[in-house]
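Down below is the structure, laid out as structure tokens.
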Amino acid sequence: MKNTRRLKRMTRNRVKVPNISLTSLMDVFIVMVIYLLMNQALGVDTPPPKAIKLPDSVVDAIPRQTVMMMVSNTDVVIHGKPVVTIAEILASEEDNITAVTERMEQIKQSTLGINDEAVANSTEVTIMADRSVPFKVLRKLMSSSASAGYSKISLAVNKKEK
């Protein structure tokens, strides 16, 4: 091929692309992936439903994945299934609510995946109750949970700054 002046000029003025070392870039991405995975596994952030207004508290511990009991002004929902109404709990003379105990034992026996198995094998329950629910109702729910084998009971609250 003939070297013309035009070809020489084009080779002289051609912009050269610098070589980029991807090793350090890959190291940064690996560190970011590890950071995101570790932060994902640290805590469980379960937002309360709109019907439940949690009380405020200064909290130091992060929530763990447990059986969730949501108590609104009207009813009690355990792990996504409505179980009993607040009126039935207040009308009951017993400390142990049989519907709650049966649902908690049913959760222990039914496991579908790794996350459900971890929840079913734990002895923890988190009660997410509206701030207007009477303590008498909460006491009966805690007693029913304890009789079903859930000895570690946590109450969900909104985190408030110190």
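Labels for the structure tokens follow display order: chains A, B, ..., residues from 1 in each chain, ligands from 1.
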
Problem - All residues 7 Å or closer to stretch 121-130 of chain A, only C-alpha atoms, same chain fewer than 5 positions away omitted, as a PyMOL selection string - result: chain A and resi 52-54+66-73+108+149-156

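Omitting stretch 133-143 of chain A and its sequence neighbours fewer than 3 positions away, and counting only C-alpha atoms, the residues within 6 Å are Asp95, Asn96, Asp130 and Ala146 of chain A.
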
Dump as a PDB file, in the first residue's frame, selection limited to N, CA and C atoms:
ATOM      1  N   ASP A  95     -56.587 -16.285  80.178  1.00  0.00           N
ATOM      2  CA  ASP A  95     -55.360 -15.616  79.737  1.00  0.00           C
ATOM      3  C   ASP A  95     -54.828 -16.212  78.437  1.00  0.00           C
ATOM      4  N   ASN A  96     -55.185 -17.458  78.156  1.00  0.00           N
ATOM      5  CA  ASN A  96     -54.685 -18.144  76.976  1.00  0.00           C
ATOM      6  C   ASN A  96     -55.764 -18.126  75.892  1.00  0.00           C
ATOM      7  N   ASP A 130     -50.686  -1.694  67.631  1.00  0.00           N
ATOM      8  CA  ASP A 130     -51.043  -0.288  67.587  1.00  0.00           C
ATOM      9  C   ASP A 130     -50.907   0.294  68.995  1.00  0.00           C
ATOM     10  N   ALA A 146     -46.424 -17.706  74.708  1.00  0.00           N
ATOM     11  CA  ALA A 146     -45.556 -18.480  75.598  1.00  0.00           C
ATOM     12  C   ALA A 146     -46.065 -19.908  75.749  1.00  0.00           C
TER      13      ALA A 146
END

Handout entry: Distance query stretch 82-86 of chain A at most 8 Å, only C-alpha atoms, self and fewer than 2 positions along chain excluded, as a PyMOL selection string
Key = chain A and resi 73-78+80+88-90+99-100+103+137

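If you look at atom CA of A:Glu93 and atom CA of A:Gln109, they are 28.3 Å away from each other.
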